[in-house]
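Read the structure below first, then the notes.
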Amino acid sequence: MVALKPGFLKANLLGSESLDVKKSIAKFNQQLQSFTNIIAMVEAVNRPQILQHISKSLTTTIYDTLWIPSSARFVLLGSTARTTGCLQVYELNGADLNKVAESEKPTSIKCGTFGASSLVERQLATGDFRGNLHIWDLEKLNTPVFHVKAHETIVNAIDGCGGLGIGYGAPEIVTGGRDGRVCLWDQRQRDDPVAVFEPETKDSARDCWTVAFGNSYNDEDRCILSGYDNGDIKMFDLKTCKIRWETSTKNGVCSVQFDRKDIQMNKCVVTTLEAKFHIFDLRTWHPEKGFACLTEKMSHGTTVWGVRHLPQNREVFMVLGGDGSLSLFKYSYPEQRSLKDIEGRPYGIMGKVNLLSSKIMSTQPIACFDWSPDKEGLAVMGSFDQCVRVAIVTKLHKL
């Protein structure tokens with residue numbers, strides 16, 4: 001008979017139980033991971049997807065793309081290899097693009113807008129590298145309907161308001177140039193701008209990179225937001241012709257846009273160099289803190305070239321990356337948009353922004369992007385690889 005040492009049986013029983021527990025824990029972790037993967041797959045299916053529909057290589061450098069309102073056509077603006085201007089009109093034809101019109105101009109075209117035109121005329125306003133502002137009838141591209149020397153040098157940005165049934169008041173165009181001036185134009189006044197916001201001296205002039213209309217919710221109120229190469233942001237009140245608000249970011253401002261032009265100003269998005277974008281809540285202004293701001297930094301680490309809000313949902317916007325990516329975000333409001341300080345003065349409270357979808361579309365920066373105002377989720381973009389792309393963003397109606 002073999003004598004067992006004290007504690008031998010107990011030790012072996014515990015060892016067996018410990019082994020079973022480890023197996024159970026490992027099995028549970030495996031099941032938990034599988035469940036997590038299933039949840040991630042379901043969320044991925046329910047989230048919007050950015051899909052490339054058409055890609056077409058061109059021989060021109062693309063600076064701007066714009067959908068023609070109430071149509072399946074878009075305008076492409078840019079520069080040829082000879083540094084002449086390129087104005088092309090394309091039409092969707094299934095999985096292909098048909099060029100329906102083309103006109104070469106003496107100077108490269110930098111930017112354009114339909115914002116000041118009626119839905120019947122659908123006239124295109126453009127700014128070029130020599131500081132000219134033109135308005136074109138797309139049926140007669142040989143001769144402009146309107147022409148004025150708007151800036152001394154390149155017109156970097158342009159926007160329109162009062163047309164297309166968006167915004168109150170007269171149809172107007174705003175331009176921003178390398179000379180640092182922000183000029184307001186009315187087609188009925190041909191020679192001189194309606195208003196000019198410019199630096200006191202030429203030596204203090206900063207390159208104006210972007211402009212945008214907003215706060216056009218009645219016939220009297222309207223504002224212009226402008227961004228500069230040194231990071232300055234200025235808001236001009238057209239009712240008083242004064243600066244209503246100004247601030248500064250640490251990097252050059254590439255793009256600004258109100259979430260809507262035709263409502264009392266709600267919020268705006270500002271994109272800059274160094275992979276950042278800023279969201280300002282424009283409903284509550286504090287005399288010391290100013291407007292509340294939320295800053296996000298993109299993981300790709302490159303310049304954020306632009307921002308475009310979805311016409312059908314003002315809380316959703318697309319950000320254009322310098323790495324050739326598109327990133328779709330949605331802003332969510334806090335439970336309370338404002339609180340009061342110890343002196344009883346209200347100040348704004350920011351919400352949060354969520355990344356809904358992201359996709360690399362090109363090896364070069366996405367320079368321009370435009371949502372279709374008529375078909376939710378349809379978009380056109382241009383990049384510096386000389387390709388124009390039509391994209392479809394799915395499931396936007398579920399947001």
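Residues are referred to by chain and number: the chain letter is A, B, ... according to the order shown in the structure tokens, the number counts from 1 in that chain, and ligands are numbered separately from 1 in the order shown.
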
Ala81 in chain A: which residues within 8 Å, counting only C-alpha atoms, same-chain residues fewer than 6 positions away excluded, as a PyMOL selection string? chain A and resi 59-61

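Summary of the local environment: counting only C-alpha atoms, residues at most 12 Å from Asp232 in chain A, other than itself and those fewer than 6 positions away along its chain, are Gly180, Ala205, Arg206, Asp207, Cys208, Trp209, Thr210, Leu225, Ser226, Trp245, Glu246, Thr247, Ser248, Thr249, Lys250, Asn251, Gly252, Val253, Cys254, Ser255, Val256, Val270, Thr271 and Thr272 of chain A.
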
Store the residues picked out above in a file with N, CA and C atoms, as a PDB file, in the first residue's frame.
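Output (part-v3.pdb):
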ATOM      1  N   GLY A 180      -5.578  90.947 -49.721  1.00  0.00           N
ATOM      2  CA  GLY A 180      -6.107  91.111 -48.371  1.00  0.00           C
ATOM      3  C   GLY A 180      -7.485  91.716 -48.300  1.00  0.00           C
ATOM      4  N   ALA A 205      -1.366  93.935 -45.073  1.00  0.00           N
ATOM      5  CA  ALA A 205      -2.344  93.073 -45.736  1.00  0.00           C
ATOM      6  C   ALA A 205      -1.942  91.599 -45.612  1.00  0.00           C
ATOM      7  N   ARG A 206      -2.901  90.762 -45.280  1.00  0.00           N
ATOM      8  CA  ARG A 206      -2.709  89.323 -45.226  1.00  0.00           C
ATOM      9  C   ARG A 206      -3.532  88.670 -46.321  1.00  0.00           C
ATOM     10  N   ASP A 207      -3.018  87.583 -46.855  1.00  0.00           N
ATOM     11  CA  ASP A 207      -3.671  86.858 -47.938  1.00  0.00           C
ATOM     12  C   ASP A 207      -4.989  86.273 -47.442  1.00  0.00           C
ATOM     13  N   CYS A 208      -6.106  86.700 -48.060  1.00  0.00           N
ATOM     14  CA  CYS A 208      -7.421  86.162 -47.703  1.00  0.00           C
ATOM     15  C   CYS A 208      -7.643  84.874 -48.490  1.00  0.00           C
ATOM     16  N   TRP A 209      -7.740  83.761 -47.779  1.00  0.00           N
ATOM     17  CA  TRP A 209      -7.837  82.460 -48.430  1.00  0.00           C
ATOM     18  C   TRP A 209      -9.265  81.975 -48.630  1.00  0.00           C
ATOM     19  N   THR A 210     -10.201  82.455 -47.832  1.00  0.00           N
ATOM     20  CA  THR A 210     -11.555  81.895 -47.899  1.00  0.00           C
ATOM     21  C   THR A 210     -12.595  82.898 -47.408  1.00  0.00           C
ATOM     22  N   LEU A 225     -17.990  85.766 -43.397  1.00  0.00           N
ATOM     23  CA  LEU A 225     -16.909  85.191 -42.623  1.00  0.00           C
ATOM     24  C   LEU A 225     -15.705  85.045 -43.542  1.00  0.00           C
ATOM     25  N   SER A 226     -14.536  85.492 -43.089  1.00  0.00           N
ATOM     26  CA  SER A 226     -13.328  85.419 -43.910  1.00  0.00           C
ATOM     27  C   SER A 226     -12.180  84.832 -43.100  1.00  0.00           C
ATOM     28  N   TRP A 245     -17.022  90.251 -35.158  1.00  0.00           N
ATOM     29  CA  TRP A 245     -16.265  89.342 -34.301  1.00  0.00           C
ATOM     30  C   TRP A 245     -14.988  88.970 -35.021  1.00  0.00           C
ATOM     31  N   GLU A 246     -13.932  88.788 -34.278  1.00  0.00           N
ATOM     32  CA  GLU A 246     -12.675  88.312 -34.855  1.00  0.00           C
ATOM     33  C   GLU A 246     -11.905  87.511 -33.819  1.00  0.00           C
ATOM     34  N   THR A 247     -11.168  86.539 -34.316  1.00  0.00           N
ATOM     35  CA  THR A 247     -10.326  85.710 -33.470  1.00  0.00           C
ATOM     36  C   THR A 247      -9.172  85.210 -34.323  1.00  0.00           C
ATOM     37  N   SER A 248      -8.331  84.394 -33.742  1.00  0.00           N
ATOM     38  CA  SER A 248      -7.179  83.895 -34.490  1.00  0.00           C
ATOM     39  C   SER A 248      -6.890  82.456 -34.098  1.00  0.00           C
ATOM     40  N   THR A 249      -6.574  81.648 -35.087  1.00  0.00           N
ATOM     41  CA  THR A 249      -6.066  80.300 -34.857  1.00  0.00           C
ATOM     42  C   THR A 249      -4.549  80.353 -35.041  1.00  0.00           C
ATOM     43  N   LYS A 250      -3.871  79.297 -34.716  1.00  0.00           N
ATOM     44  CA  LYS A 250      -2.419  79.293 -34.816  1.00  0.00           C
ATOM     45  C   LYS A 250      -1.927  78.960 -36.229  1.00  0.00           C
ATOM     46  N   ASN A 251      -2.860  78.595 -37.108  1.00  0.00           N
ATOM     47  CA  ASN A 251      -2.466  78.166 -38.454  1.00  0.00           C
ATOM     48  C   ASN A 251      -3.343  78.830 -39.506  1.00  0.00           C
ATOM     49  N   GLY A 252      -2.828  78.885 -40.738  1.00  0.00           N
ATOM     50  CA  GLY A 252      -3.556  79.493 -41.835  1.00  0.00           C
ATOM     51  C   GLY A 252      -4.917  78.866 -42.046  1.00  0.00           C
ATOM     52  N   VAL A 253      -5.920  79.702 -42.325  1.00  0.00           N
ATOM     53  CA  VAL A 253      -7.302  79.244 -42.483  1.00  0.00           C
ATOM     54  C   VAL A 253      -7.552  78.891 -43.950  1.00  0.00           C
ATOM     55  N   CYS A 254      -7.812  77.620 -44.213  1.00  0.00           N
ATOM     56  CA  CYS A 254      -8.015  77.143 -45.584  1.00  0.00           C
ATOM     57  C   CYS A 254      -9.459  77.272 -46.048  1.00  0.00           C
ATOM     58  N   SER A 255     -10.414  77.106 -45.127  1.00  0.00           N
ATOM     59  CA  SER A 255     -11.819  77.120 -45.515  1.00  0.00           C
ATOM     60  C   SER A 255     -12.687  77.474 -44.322  1.00  0.00           C
ATOM     61  N   VAL A 256     -13.759  78.227 -44.584  1.00  0.00           N
ATOM     62  CA  VAL A 256     -14.773  78.525 -43.572  1.00  0.00           C
ATOM     63  C   VAL A 256     -16.144  78.304 -44.191  1.00  0.00           C
ATOM     64  N   VAL A 270     -14.309  75.836 -39.343  1.00  0.00           N
ATOM     65  CA  VAL A 270     -13.106  76.469 -39.888  1.00  0.00           C
ATOM     66  C   VAL A 270     -12.024  75.399 -40.014  1.00  0.00           C
ATOM     67  N   THR A 271     -11.448  75.235 -41.192  1.00  0.00           N
ATOM     68  CA  THR A 271     -10.368  74.260 -41.375  1.00  0.00           C
ATOM     69  C   THR A 271      -9.049  74.996 -41.580  1.00  0.00           C
ATOM     70  N   THR A 272      -7.965  74.383 -41.104  1.00  0.00           N
ATOM     71  CA  THR A 272      -6.671  75.060 -41.127  1.00  0.00           C
ATOM     72  C   THR A 272      -5.550  74.119 -41.536  1.00  0.00           C
TER      73      THR A 272
END

Would you pick out the contacts of Gly78 in chain A at 9 Å or less, using only C-alpha atoms, so that residues sharing its chain but fewer than 6 positions from it are not included, and give the list as a list of chain:residue names?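 What passes the distance filter is A:Thr60, A:Thr61, A:Ile62, A:Tyr63, A:Asp64, A:Thr65, A:Thr84, A:Gly85, A:Cys86, A:Leu87, A:Gln88, A:Ser108, A:Ile109, A:Lys110, A:Cys111.
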
What does the file look like for those residues with N, CA, C and O atoms, as a PDB file, in the first residue's frame?
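Output contents, as saved in selection_26.pdb:
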ATOM      1  N   THR A  60      -6.044  68.779 -67.007  1.00  0.00           N
ATOM      2  CA  THR A  60      -6.093  70.106 -66.396  1.00  0.00           C
ATOM      3  C   THR A  60      -5.949  69.999 -64.877  1.00  0.00           C
ATOM      4  O   THR A  60      -6.270  68.974 -64.280  1.00  0.00           O
ATOM      5  N   THR A  61      -5.465  71.074 -64.268  1.00  0.00           N
ATOM      6  CA  THR A  61      -5.421  71.167 -62.810  1.00  0.00           C
ATOM      7  C   THR A  61      -6.767  71.680 -62.327  1.00  0.00           C
ATOM      8  O   THR A  61      -7.247  72.724 -62.791  1.00  0.00           O
ATOM      9  N   ILE A  62      -7.386  70.959 -61.425  1.00  0.00           N
ATOM     10  CA  ILE A  62      -8.745  71.264 -60.974  1.00  0.00           C
ATOM     11  C   ILE A  62      -8.685  72.106 -59.702  1.00  0.00           C
ATOM     12  O   ILE A  62      -8.063  71.706 -58.715  1.00  0.00           O
ATOM     13  N   TYR A  63      -9.348  73.264 -59.734  1.00  0.00           N
ATOM     14  CA  TYR A  63      -9.411  74.126 -58.558  1.00  0.00           C
ATOM     15  C   TYR A  63     -10.789  74.162 -57.913  1.00  0.00           C
ATOM     16  O   TYR A  63     -10.909  74.415 -56.717  1.00  0.00           O
ATOM     17  N   ASP A  64     -11.845  73.926 -58.688  1.00  0.00           N
ATOM     18  CA  ASP A  64     -13.189  73.964 -58.117  1.00  0.00           C
ATOM     19  C   ASP A  64     -14.141  73.111 -58.942  1.00  0.00           C
ATOM     20  O   ASP A  64     -14.001  73.010 -60.164  1.00  0.00           O
ATOM     21  N   THR A  65     -15.092  72.492 -58.251  1.00  0.00           N
ATOM     22  CA  THR A  65     -16.155  71.719 -58.895  1.00  0.00           C
ATOM     23  C   THR A  65     -17.476  72.132 -58.271  1.00  0.00           C
ATOM     24  O   THR A  65     -17.580  72.268 -57.050  1.00  0.00           O
ATOM     25  N   THR A  84      -3.763  78.706 -69.002  1.00  0.00           N
ATOM     26  CA  THR A  84      -5.002  79.364 -69.395  1.00  0.00           C
ATOM     27  C   THR A  84      -6.153  78.775 -68.591  1.00  0.00           C
ATOM     28  O   THR A  84      -6.032  77.707 -67.984  1.00  0.00           O
ATOM     29  N   GLY A  85      -7.264  79.478 -68.591  1.00  0.00           N
ATOM     30  CA  GLY A  85      -8.408  79.042 -67.800  1.00  0.00           C
ATOM     31  C   GLY A  85      -9.182  77.929 -68.468  1.00  0.00           C
ATOM     32  O   GLY A  85      -9.309  77.879 -69.697  1.00  0.00           O
ATOM     33  N   CYS A  86      -9.717  77.051 -67.644  1.00  0.00           N
ATOM     34  CA  CYS A  86     -10.493  75.922 -68.143  1.00  0.00           C
ATOM     35  C   CYS A  86     -11.865  75.927 -67.478  1.00  0.00           C
ATOM     36  O   CYS A  86     -11.965  75.908 -66.244  1.00  0.00           O
ATOM     37  N   LEU A  87     -12.921  75.970 -68.278  1.00  0.00           N
ATOM     38  CA  LEU A  87     -14.297  75.897 -67.796  1.00  0.00           C
ATOM     39  C   LEU A  87     -14.992  74.782 -68.577  1.00  0.00           C
ATOM     40  O   LEU A  87     -15.221  74.916 -69.776  1.00  0.00           O
ATOM     41  N   GLN A  88     -15.290  73.695 -67.899  1.00  0.00           N
ATOM     42  CA  GLN A  88     -15.907  72.541 -68.544  1.00  0.00           C
ATOM     43  C   GLN A  88     -17.199  72.172 -67.843  1.00  0.00           C
ATOM     44  O   GLN A  88     -17.333  72.327 -66.631  1.00  0.00           O
ATOM     45  N   SER A 108      -6.133  81.395 -65.732  1.00  0.00           N
ATOM     46  CA  SER A 108      -6.583  80.268 -64.904  1.00  0.00           C
ATOM     47  C   SER A 108      -7.698  80.705 -63.962  1.00  0.00           C
ATOM     48  O   SER A 108      -7.654  81.787 -63.375  1.00  0.00           O
ATOM     49  N   ILE A 109      -8.704  79.834 -63.814  1.00  0.00           N
ATOM     50  CA  ILE A 109      -9.867  80.129 -62.968  1.00  0.00           C
ATOM     51  C   ILE A 109      -9.698  79.424 -61.631  1.00  0.00           C
ATOM     52  O   ILE A 109      -9.450  78.224 -61.581  1.00  0.00           O
ATOM     53  N   LYS A 110      -9.836  80.170 -60.549  1.00  0.00           N
ATOM     54  CA  LYS A 110      -9.571  79.642 -59.213  1.00  0.00           C
ATOM     55  C   LYS A 110     -10.822  79.160 -58.492  1.00  0.00           C
ATOM     56  O   LYS A 110     -10.794  78.169 -57.769  1.00  0.00           O
ATOM     57  N   CYS A 111     -11.956  79.854 -58.643  1.00  0.00           N
ATOM     58  CA  CYS A 111     -13.121  79.545 -57.815  1.00  0.00           C
ATOM     59  C   CYS A 111     -14.402  79.970 -58.516  1.00  0.00           C
ATOM     60  O   CYS A 111     -14.374  80.758 -59.465  1.00  0.00           O
TER      61      CYS A 111
END

Name the residues of range 192-258 of chain A that come out as strand (DSSP E) in a backbone DSSP run; write them as number ranges by chain. A: 195-197, 208-214, 223-228, 232-237, 242-248, 253-258

Option closest in space to Asp191 in chain A, from A:Cys161, A:Gln264, A:Met381, A:Lys149 [counting only C-alpha atoms]: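 Looking only at the distances to Asp191 in chain A, the closest residue turns out to be A:Lys149.
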
Would you list the contacts of Leu97 in chain A as a list in words, taking every protein, DNA or RNA residue within 10 Å and counting only C-alpha atoms, but skipping same-chain residues closer than 2 positions in sequence? Ile54, Ser55, Lys56, Arg73, Val89, Tyr90, Glu91, Leu92, Asn93, Gly94, Ala95, Lys99, Val100, Val388, Arg389 and Val390 of chain A

Could you write those residues out with C-alpha atoms, as an mmCIF file, in the first residue's frame?
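Result saved to part-v7.cif:
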data_model
loop_
_atom_site.group_PDB
_atom_site.id
_atom_site.type_symbol
_atom_site.label_atom_id
_atom_site.label_comp_id
_atom_site.auth_asym_id
_atom_site.auth_seq_id
_atom_site.Cartn_x
_atom_site.Cartn_y
_atom_site.Cartn_z
ATOM 1 C CA ILE A 54 -16.949 57.588 -61.324
ATOM 2 C CA SER A 55 -13.307 58.623 -61.745
ATOM 3 C CA LYS A 56 -12.099 60.469 -64.827
ATOM 4 C CA ARG A 73 -24.489 68.264 -64.543
ATOM 5 C CA VAL A 89 -19.444 71.218 -68.103
ATOM 6 C CA TYR A 90 -19.982 67.487 -67.535
ATOM 7 C CA GLU A 91 -23.153 65.431 -67.397
ATOM 8 C CA LEU A 92 -23.741 62.144 -65.593
ATOM 9 C CA ASN A 93 -24.489 59.301 -67.965
ATOM 10 C CA GLY A 94 -24.787 56.100 -65.969
ATOM 11 C CA ALA A 95 -21.291 55.069 -64.955
ATOM 12 C CA LYS A 99 -18.469 66.561 -71.575
ATOM 13 C CA VAL A 100 -21.275 68.787 -72.873
ATOM 14 C CA VAL A 388 -12.472 64.427 -61.163
ATOM 15 C CA ARG A 389 -14.500 61.979 -59.109
ATOM 16 C CA VAL A 390 -18.184 61.480 -58.452
#

Can you tell me which residues surround Leu238 in chain A at a distance of at most 9 Å, considering only C-alpha atoms, apart from same-chain residues fewer than 3 positions away, and format the answer as a list in words? Ala195, Glu220, Asp221, Arg222, Cys223, Ile224, Cys241, Lys242 and Ile243 of chain A

File of the preceding selection, C-alpha atoms, as a PDB file, in the first residue's frame:
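Below is the file that was written, part_37.pdb:
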ATOM      1  CA  ALA A 195     -18.644  97.307 -49.700  1.00  0.00           C
ATOM      2  CA  GLU A 220     -31.677  93.313 -43.406  1.00  0.00           C
ATOM      3  CA  ASP A 221     -29.186  90.957 -41.746  1.00  0.00           C
ATOM      4  CA  ARG A 222     -26.276  89.264 -43.492  1.00  0.00           C
ATOM      5  CA  CYS A 223     -22.719  88.429 -42.463  1.00  0.00           C
ATOM      6  CA  ILE A 224     -19.463  87.499 -44.178  1.00  0.00           C
ATOM      7  CA  CYS A 241     -20.482  97.507 -42.181  1.00  0.00           C
ATOM      8  CA  LYS A 242     -18.298  96.740 -39.177  1.00  0.00           C
ATOM      9  CA  ILE A 243     -16.331  93.813 -37.823  1.00  0.00           C
TER      10      ILE A 243
END

Measure the distance from CA of Tyr228 in chain A to CA of His300 in chain A in Å and round it to one decimal. 22.9 Å

Nearest to Gln336 in chain A, restricted to only C-alpha atoms and choosing among A:Val269, A:Ala367, A:Met350, A:Val145, comes out as A:Met350

For Pro373 in chain A, please output as a PDB file with all heavy atoms, in the first residue's frame all residues within 9 Å (counting only C-alpha atoms; exclusion window: fewer than 6 positions along the same chain).
ATOM      1  N   TRP A  67     -21.894  71.625 -58.638  1.00  0.00           N
ATOM      2  CA  TRP A  67     -23.091  71.091 -59.273  1.00  0.00           C
ATOM      3  C   TRP A  67     -23.929  72.238 -59.840  1.00  0.00           C
ATOM      4  O   TRP A  67     -24.097  73.270 -59.187  1.00  0.00           O
ATOM      5  CB  TRP A  67     -23.934  70.318 -58.270  1.00  0.00           C
ATOM      6  CG  TRP A  67     -23.378  68.978 -57.916  1.00  0.00           C
ATOM      7  CD1 TRP A  67     -22.711  68.640 -56.774  1.00  0.00           C
ATOM      8  CD2 TRP A  67     -23.421  67.784 -58.710  1.00  0.00           C
ATOM      9  NE1 TRP A  67     -22.336  67.330 -56.808  1.00  0.00           N
ATOM     10  CE2 TRP A  67     -22.752  66.776 -57.984  1.00  0.00           C
ATOM     11  CE3 TRP A  67     -23.947  67.479 -59.961  1.00  0.00           C
ATOM     12  CZ2 TRP A  67     -22.609  65.470 -58.465  1.00  0.00           C
ATOM     13  CZ3 TRP A  67     -23.807  66.188 -60.448  1.00  0.00           C
ATOM     14  CH2 TRP A  67     -23.151  65.193 -59.707  1.00  0.00           C
ATOM     15  N   ILE A  68     -24.453  72.048 -61.019  1.00  0.00           N
ATOM     16  CA  ILE A  68     -25.407  73.003 -61.572  1.00  0.00           C
ATOM     17  C   ILE A  68     -26.760  72.707 -60.939  1.00  0.00           C
ATOM     18  O   ILE A  68     -27.241  71.565 -61.009  1.00  0.00           O
ATOM     19  CB  ILE A  68     -25.490  72.884 -63.107  1.00  0.00           C
ATOM     20  CG1 ILE A  68     -24.108  73.154 -63.716  1.00  0.00           C
ATOM     21  CG2 ILE A  68     -26.528  73.848 -63.667  1.00  0.00           C
ATOM     22  CD1 ILE A  68     -24.055  72.939 -65.212  1.00  0.00           C
ATOM     23  N   PRO A  69     -27.392  73.678 -60.283  1.00  0.00           N
ATOM     24  CA  PRO A  69     -28.647  73.417 -59.554  1.00  0.00           C
ATOM     25  C   PRO A  69     -29.719  72.814 -60.450  1.00  0.00           C
ATOM     26  O   PRO A  69     -29.833  73.146 -61.644  1.00  0.00           O
ATOM     27  CB  PRO A  69     -29.064  74.810 -59.058  1.00  0.00           C
ATOM     28  CG  PRO A  69     -27.791  75.595 -59.017  1.00  0.00           C
ATOM     29  CD  PRO A  69     -26.954  75.080 -60.142  1.00  0.00           C
ATOM     30  N   SER A  70     -30.488  71.898 -59.887  1.00  0.00           N
ATOM     31  CA  SER A  70     -31.621  71.246 -60.565  1.00  0.00           C
ATOM     32  C   SER A  70     -31.198  70.538 -61.852  1.00  0.00           C
ATOM     33  O   SER A  70     -31.874  70.631 -62.869  1.00  0.00           O
ATOM     34  CB  SER A  70     -32.725  72.270 -60.868  1.00  0.00           C
ATOM     35  OG  SER A  70     -33.160  72.894 -59.693  1.00  0.00           O
ATOM     36  N   LEU A 310     -23.582  69.168 -45.482  1.00  0.00           N
ATOM     37  CA  LEU A 310     -24.605  68.498 -46.275  1.00  0.00           C
ATOM     38  C   LEU A 310     -25.828  69.401 -46.382  1.00  0.00           C
ATOM     39  O   LEU A 310     -26.364  69.833 -45.358  1.00  0.00           O
ATOM     40  CB  LEU A 310     -24.973  67.171 -45.600  1.00  0.00           C
ATOM     41  CG  LEU A 310     -25.999  66.298 -46.303  1.00  0.00           C
ATOM     42  CD1 LEU A 310     -25.446  65.762 -47.616  1.00  0.00           C
ATOM     43  CD2 LEU A 310     -26.425  65.145 -45.399  1.00  0.00           C
ATOM     44  N   PRO A 311     -26.315  69.697 -47.593  1.00  0.00           N
ATOM     45  CA  PRO A 311     -27.461  70.616 -47.735  1.00  0.00           C
ATOM     46  C   PRO A 311     -28.721  70.119 -47.042  1.00  0.00           C
ATOM     47  O   PRO A 311     -29.532  70.916 -46.576  1.00  0.00           O
ATOM     48  CB  PRO A 311     -27.663  70.687 -49.257  1.00  0.00           C
ATOM     49  CG  PRO A 311     -26.362  70.287 -49.847  1.00  0.00           C
ATOM     50  CD  PRO A 311     -25.765  69.308 -48.900  1.00  0.00           C
ATOM     51  N   GLN A 312     -28.893  68.799 -46.953  1.00  0.00           N
ATOM     52  CA  GLN A 312     -30.110  68.237 -46.386  1.00  0.00           C
ATOM     53  C   GLN A 312     -30.031  68.044 -44.865  1.00  0.00           C
ATOM     54  O   GLN A 312     -31.030  67.726 -44.231  1.00  0.00           O
ATOM     55  CB  GLN A 312     -30.423  66.889 -47.040  1.00  0.00           C
ATOM     56  CG  GLN A 312     -30.755  66.982 -48.524  1.00  0.00           C
ATOM     57  CD  GLN A 312     -29.521  67.051 -49.412  1.00  0.00           C
ATOM     58  OE1 GLN A 312     -28.401  66.863 -48.953  1.00  0.00           O
ATOM     59  NE2 GLN A 312     -29.726  67.313 -50.702  1.00  0.00           N
TER      60      GLN A 312
END
